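Have a look at the structure below before the remarks.
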Amino acid sequence: MHPQTIKRCALGHPLQPSWLRCPVCPEPRRVRVPPTRVHKLPVLAAAAPPKPAKARRTELIEVAEQEPCAAWLLGLEGRLKGQQFRLKLGKNSIGSAEGCDIRIEDSFVSSRHANISHLRKDGEDIFVLVDLDSQNGSFLNGGKEREERVELVDSDRVEFGRLAFKFKCI
């Protein structure tokens, strides 16, 4: 009778035939990761943080704080579905032009389409949508009449041209 062959690890521990690693032996040494460095950079609109020639370690880049967020516009349909656009305190310009706070590139959105302003009135935060005589109009909650100036309430449906958004305030 032949002695049964037993699979063993490098240190001689018996292994089941299906095991790839010995449960008794310590795990192989892991590669040491260098410490993380933190850089503080000013916020620049067009500048991106510098990239090292060869990244050998993880680097965390701290960016200066953004303006406080007062509300959001959430894309409801099409290519903007699920995208969030932050509305800051004060006036927010919306349109397809380069300088708009919320830039929406669409043929039905005017270059300066509308403004949404955050105001304090009698100790309450209110948001006002003002259409800027846009070509395709601004609409509220599925209405067919163009809105020139209207106060927004949480969860309103706002449409610019043919794009729909949900307005969410904090």
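Convention: chains lettered A, B, ... in structure tokens order; per-chain residue numbering from 1; ligands numbered from 1 as shown.
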Contacts of A:Arg162 within 10 Å, only C-alpha atoms, excl. fewer than 6 positions in-chain, as JSON, numbers by chain
{"A": [77, 106, 107, 108, 109, 136, 137, 138, 139]}
Counting only C-alpha atoms, what is within 12 Å of A:Cys22, bar same-chain residues fewer than 3 positions away, as an NGL selection string?
:A and (7-19 or 25-28)
Can you write just those residues out, all heavy atoms, as a CSV table (one decimal), in the first residue's frame?
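Printed below is result13.csv as written:
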chain,number,residue,atom,x,y,z
A,7,LYS,N,-0.8,17.3,1.1
A,7,LYS,CA,-0.4,18.6,0.6
A,7,LYS,C,0.1,19.4,1.9
A,7,LYS,O,-0.6,19.4,2.9
A,7,LYS,CB,-1.5,19.3,-0.1
A,7,LYS,CG,-1.1,20.6,-0.7
A,7,LYS,CD,-2.3,21.2,-1.5
A,7,LYS,CE,-2.0,22.6,-1.9
A,7,LYS,NZ,-3.2,23.2,-2.6
A,8,ARG,N,1.3,20.0,1.8
A,8,ARG,CA,1.8,20.7,2.9
A,8,ARG,C,2.3,22.1,2.4
A,8,ARG,O,2.6,22.3,1.3
A,8,ARG,CB,3.0,20.0,3.6
A,8,ARG,CG,2.5,18.7,4.2
A,8,ARG,CD,3.7,18.1,5.0
A,8,ARG,NE,3.2,16.8,5.6
A,8,ARG,CZ,2.7,16.7,6.8
A,8,ARG,NH1,2.5,17.8,7.5
A,8,ARG,NH2,2.3,15.6,7.3
A,9,CYS,N,2.2,23.1,3.4
A,9,CYS,CA,2.8,24.4,3.1
A,9,CYS,C,4.3,24.4,3.2
A,9,CYS,O,4.9,23.4,3.5
A,9,CYS,CB,2.1,25.4,4.1
A,9,CYS,SG,2.8,25.3,5.7
A,10,ALA,N,4.9,25.6,3.0
A,10,ALA,CA,6.4,25.7,3.1
A,10,ALA,C,6.9,25.4,4.4
A,10,ALA,O,8.0,24.9,4.6
A,10,ALA,CB,6.8,27.1,2.7
A,11,LEU,N,6.1,25.6,5.5
A,11,LEU,CA,6.6,25.3,6.9
A,11,LEU,C,6.1,23.9,7.3
A,11,LEU,O,6.3,23.5,8.5
A,11,LEU,CB,6.0,26.3,7.8
A,11,LEU,CG,6.6,27.7,7.6
A,11,LEU,CD1,6.0,28.7,8.6
A,11,LEU,CD2,8.1,27.8,7.7
A,12,GLY,N,5.5,23.1,6.4
A,12,GLY,CA,5.1,21.7,6.8
A,12,GLY,C,3.8,21.5,7.3
A,12,GLY,O,3.4,20.4,7.7
A,13,HIS,N,2.9,22.5,7.4
A,13,HIS,CA,1.6,22.4,7.9
A,13,HIS,C,0.7,21.6,6.9
A,13,HIS,O,0.8,21.9,5.7
A,13,HIS,CB,0.9,23.7,8.3
A,13,HIS,CG,1.7,24.5,9.3
A,13,HIS,ND1,2.3,25.7,9.0
A,13,HIS,CD2,2.0,24.3,10.6
A,13,HIS,CE1,2.9,26.2,10.1
A,13,HIS,NE2,2.7,25.3,11.1
A,14,PRO,N,-0.1,20.7,7.4
A,14,PRO,CA,-1.0,20.0,6.4
A,14,PRO,C,-2.1,20.9,5.9
A,14,PRO,O,-2.7,21.7,6.6
A,14,PRO,CB,-1.6,18.8,7.3
A,14,PRO,CG,-1.5,19.3,8.7
A,14,PRO,CD,-0.3,20.2,8.7
A,15,LEU,N,-2.4,20.7,4.5
A,15,LEU,CA,-3.4,21.5,3.9
A,15,LEU,C,-4.4,20.6,3.2
A,15,LEU,O,-4.1,19.5,2.7
A,15,LEU,CB,-2.7,22.4,2.8
A,15,LEU,CG,-1.7,23.4,3.3
A,15,LEU,CD1,-1.1,24.1,2.1
A,15,LEU,CD2,-2.2,24.4,4.2
A,16,GLN,N,-5.6,21.1,3.1
A,16,GLN,CA,-6.6,20.5,2.3
A,16,GLN,C,-6.2,20.7,0.8
A,16,GLN,O,-5.6,21.7,0.5
A,16,GLN,CB,-8.0,21.1,2.5
A,16,GLN,CG,-8.5,20.8,3.9
A,16,GLN,CD,-8.9,19.4,4.1
A,16,GLN,OE1,-9.3,18.7,3.2
A,16,GLN,NE2,-8.8,18.9,5.4
A,17,PRO,N,-6.6,19.8,-0.1
A,17,PRO,CA,-6.2,19.9,-1.5
A,17,PRO,C,-6.8,21.2,-2.2
A,17,PRO,O,-6.1,21.7,-3.0
A,17,PRO,CB,-6.8,18.7,-2.2
A,17,PRO,CG,-7.0,17.7,-1.1
A,17,PRO,CD,-7.2,18.5,0.2
A,18,SER,N,-7.9,21.7,-1.7
A,18,SER,CA,-8.5,22.9,-2.3
A,18,SER,C,-7.9,24.2,-1.8
A,18,SER,O,-8.2,25.3,-2.3
A,18,SER,CB,-10.0,22.9,-2.2
A,18,SER,OG,-10.3,22.9,-0.8
A,19,TRP,N,-7.2,24.2,-0.7
A,19,TRP,CA,-6.7,25.4,-0.1
A,19,TRP,C,-5.5,26.0,-0.9
A,19,TRP,O,-4.7,25.3,-1.3
A,19,TRP,CB,-6.2,25.2,1.4
A,19,TRP,CG,-7.3,24.8,2.3
A,19,TRP,CD1,-8.6,24.8,2.1
A,19,TRP,CD2,-7.1,24.4,3.7
A,19,TRP,NE1,-9.3,24.4,3.2
A,19,TRP,CE2,-8.4,24.1,4.2
A,19,TRP,CE3,-6.0,24.2,4.5
A,19,TRP,CZ2,-8.6,23.7,5.5
A,19,TRP,CZ3,-6.2,23.8,5.8
A,19,TRP,CH2,-7.5,23.6,6.3
A,25,CYS,N,0.0,29.7,8.9
A,25,CYS,CA,1.2,30.6,8.6
A,25,CYS,C,0.7,32.0,8.5
A,25,CYS,O,-0.4,32.3,8.1
A,25,CYS,CB,1.8,30.2,7.2
A,25,CYS,SG,2.6,28.6,7.2
A,26,PRO,N,1.6,33.0,8.9
A,26,PRO,CA,1.2,34.4,8.8
A,26,PRO,C,1.1,34.8,7.3
A,26,PRO,O,1.7,34.2,6.4
A,26,PRO,CB,2.3,35.1,9.5
A,26,PRO,CG,3.5,34.1,9.4
A,26,PRO,CD,2.9,32.8,9.4
A,27,GLU,N,0.3,35.8,7.1
A,27,GLU,CA,0.1,36.3,5.7
A,27,GLU,C,1.5,36.9,5.2
A,27,GLU,O,2.3,37.3,6.0
A,27,GLU,CB,-0.9,37.5,5.7
A,27,GLU,CG,-2.3,36.9,5.8
A,27,GLU,CD,-3.3,38.0,5.5
A,27,GLU,OE1,-3.1,38.8,4.5
A,27,GLU,OE2,-4.4,38.0,6.2
A,28,PRO,N,1.7,36.9,3.9
A,28,PRO,CA,2.9,37.4,3.4
A,28,PRO,C,3.0,38.9,3.7
A,28,PRO,O,2.0,39.6,3.9
A,28,PRO,CB,2.8,37.2,1.9
A,28,PRO,CG,1.5,36.5,1.6
A,28,PRO,CD,0.8,36.3,2.9
Identify, on the basis of only C-alpha atoms, every residue whose closest approach to stretch 113-121 of chain A does not exceed 12 Å; exclude the query and any residue fewer than 6 positions from it along the same chain; express the result as JSON, numbers by chain.
{"A": [68, 69, 70, 71, 72, 73, 85, 86, 87, 88, 89, 90, 91, 92, 93, 94, 95, 96, 97, 100, 101, 102, 103, 104, 105, 106, 107, 127, 128, 129, 130, 131, 132, 133, 134, 135, 136, 137, 138, 139, 146, 147, 148, 149, 150, 151, 152, 153, 158, 159, 160, 161, 167, 169, 170]}
Would you mind listing what lies within 10 Å of A:Leu80 as a list in words, with only C-alpha atoms counted and same-chain residues fewer than 3 positions away left out?
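The filter keeps Leu74, Gly75, Leu76, Glu77, Gln83, Gln84, Ile104, Leu163, Ala164 and Phe165 of chain A.
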Only all heavy atoms, please: the residues just picked out, written as a tab-separated table (two decimals), in the first residue's frame.
chain	number	residue	atom	x	y	z
A	74	LEU	N	-31.92	69.70	-9.05
A	74	LEU	CA	-31.61	68.31	-9.38
A	74	LEU	C	-32.21	67.99	-10.74
A	74	LEU	O	-33.43	68.14	-10.93
A	74	LEU	CB	-32.19	67.39	-8.30
A	74	LEU	CG	-32.05	65.90	-8.52
A	74	LEU	CD1	-30.59	65.50	-8.48
A	74	LEU	CD2	-32.83	65.13	-7.47
A	75	GLY	N	-31.38	67.58	-11.69
A	75	GLY	CA	-31.85	67.23	-13.03
A	75	GLY	C	-32.80	66.05	-12.99
A	75	GLY	O	-32.52	65.04	-12.33
A	76	LEU	N	-33.94	66.16	-13.67
A	76	LEU	CA	-34.95	65.11	-13.63
A	76	LEU	C	-35.00	64.23	-14.87
A	76	LEU	O	-35.46	63.10	-14.80
A	76	LEU	CB	-36.35	65.73	-13.42
A	76	LEU	CG	-36.58	66.41	-12.08
A	76	LEU	CD1	-37.97	67.03	-12.05
A	76	LEU	CD2	-36.44	65.40	-10.95
A	77	GLU	N	-34.54	64.74	-16.01
A	77	GLU	CA	-34.70	63.99	-17.25
A	77	GLU	C	-33.47	64.12	-18.14
A	77	GLU	O	-32.67	65.03	-17.97
A	77	GLU	CB	-35.92	64.50	-18.03
A	77	GLU	CG	-37.21	64.39	-17.27
A	77	GLU	CD	-38.33	65.26	-17.86
A	77	GLU	OE1	-38.04	66.07	-18.76
A	77	GLU	OE2	-39.45	65.12	-17.40
A	83	GLN	N	-28.03	64.87	-11.95
A	83	GLN	CA	-26.98	65.86	-11.67
A	83	GLN	C	-27.50	66.92	-10.70
A	83	GLN	O	-28.63	67.35	-10.80
A	83	GLN	CB	-26.51	66.54	-12.95
A	83	GLN	CG	-25.64	65.65	-13.80
A	83	GLN	CD	-24.99	66.43	-14.93
A	83	GLN	OE1	-24.73	67.62	-14.81
A	83	GLN	NE2	-24.72	65.75	-16.03
A	84	GLN	N	-26.64	67.31	-9.77
A	84	GLN	CA	-27.01	68.33	-8.78
A	84	GLN	C	-26.27	69.62	-9.09
A	84	GLN	O	-25.08	69.61	-9.39
A	84	GLN	CB	-26.62	67.87	-7.39
A	84	GLN	CG	-27.34	66.65	-6.93
A	84	GLN	CD	-26.89	66.24	-5.54
A	84	GLN	OE1	-26.30	67.02	-4.80
A	84	GLN	NE2	-27.17	65.01	-5.18
A	104	ILE	N	-25.75	75.48	-18.18
A	104	ILE	CA	-26.48	74.37	-18.78
A	104	ILE	C	-26.34	74.49	-20.29
A	104	ILE	O	-26.90	75.41	-20.89
A	104	ILE	CB	-27.97	74.40	-18.38
A	104	ILE	CG1	-28.10	74.37	-16.85
A	104	ILE	CG2	-28.71	73.24	-19.00
A	104	ILE	CD1	-29.49	74.63	-16.35
A	163	LEU	N	-35.76	71.47	-20.36
A	163	LEU	CA	-35.08	70.72	-19.30
A	163	LEU	C	-35.80	70.92	-17.97
A	163	LEU	O	-36.11	72.04	-17.59
A	163	LEU	CB	-33.63	71.16	-19.18
A	163	LEU	CG	-32.76	70.91	-20.41
A	163	LEU	CD1	-31.39	71.52	-20.21
A	163	LEU	CD2	-32.64	69.43	-20.69
A	164	ALA	N	-36.02	69.82	-17.25
A	164	ALA	CA	-36.74	69.88	-15.98
A	164	ALA	C	-35.81	69.60	-14.80
A	164	ALA	O	-34.92	68.76	-14.88
A	164	ALA	CB	-37.88	68.87	-15.97
A	165	PHE	N	-36.05	70.33	-13.71
A	165	PHE	CA	-35.25	70.20	-12.49
A	165	PHE	C	-36.20	70.20	-11.29
A	165	PHE	O	-37.29	70.77	-11.34
A	165	PHE	CB	-34.29	71.39	-12.32
A	165	PHE	CG	-33.31	71.51	-13.44
A	165	PHE	CD1	-33.61	72.23	-14.58
A	165	PHE	CD2	-32.07	70.91	-13.34
A	165	PHE	CE1	-32.71	72.33	-15.61
A	165	PHE	CE2	-31.15	71.01	-14.36
A	165	PHE	CZ	-31.47	71.73	-15.51
Mind the document's chain letters and residue numbers, and return as a VMD selection string the residues of stretch 86-153 of chain A that DSSP labels strand (DSSP E).
chain A and resid 86 to 88 91 to 95 102 to 103 114 to 121 124 to 131 138 to 140 149 to 152
Atom pair atom CA of A:Asp122 / atom CA of A:Lys168: separation (Å)
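The value is 20.9 Å.
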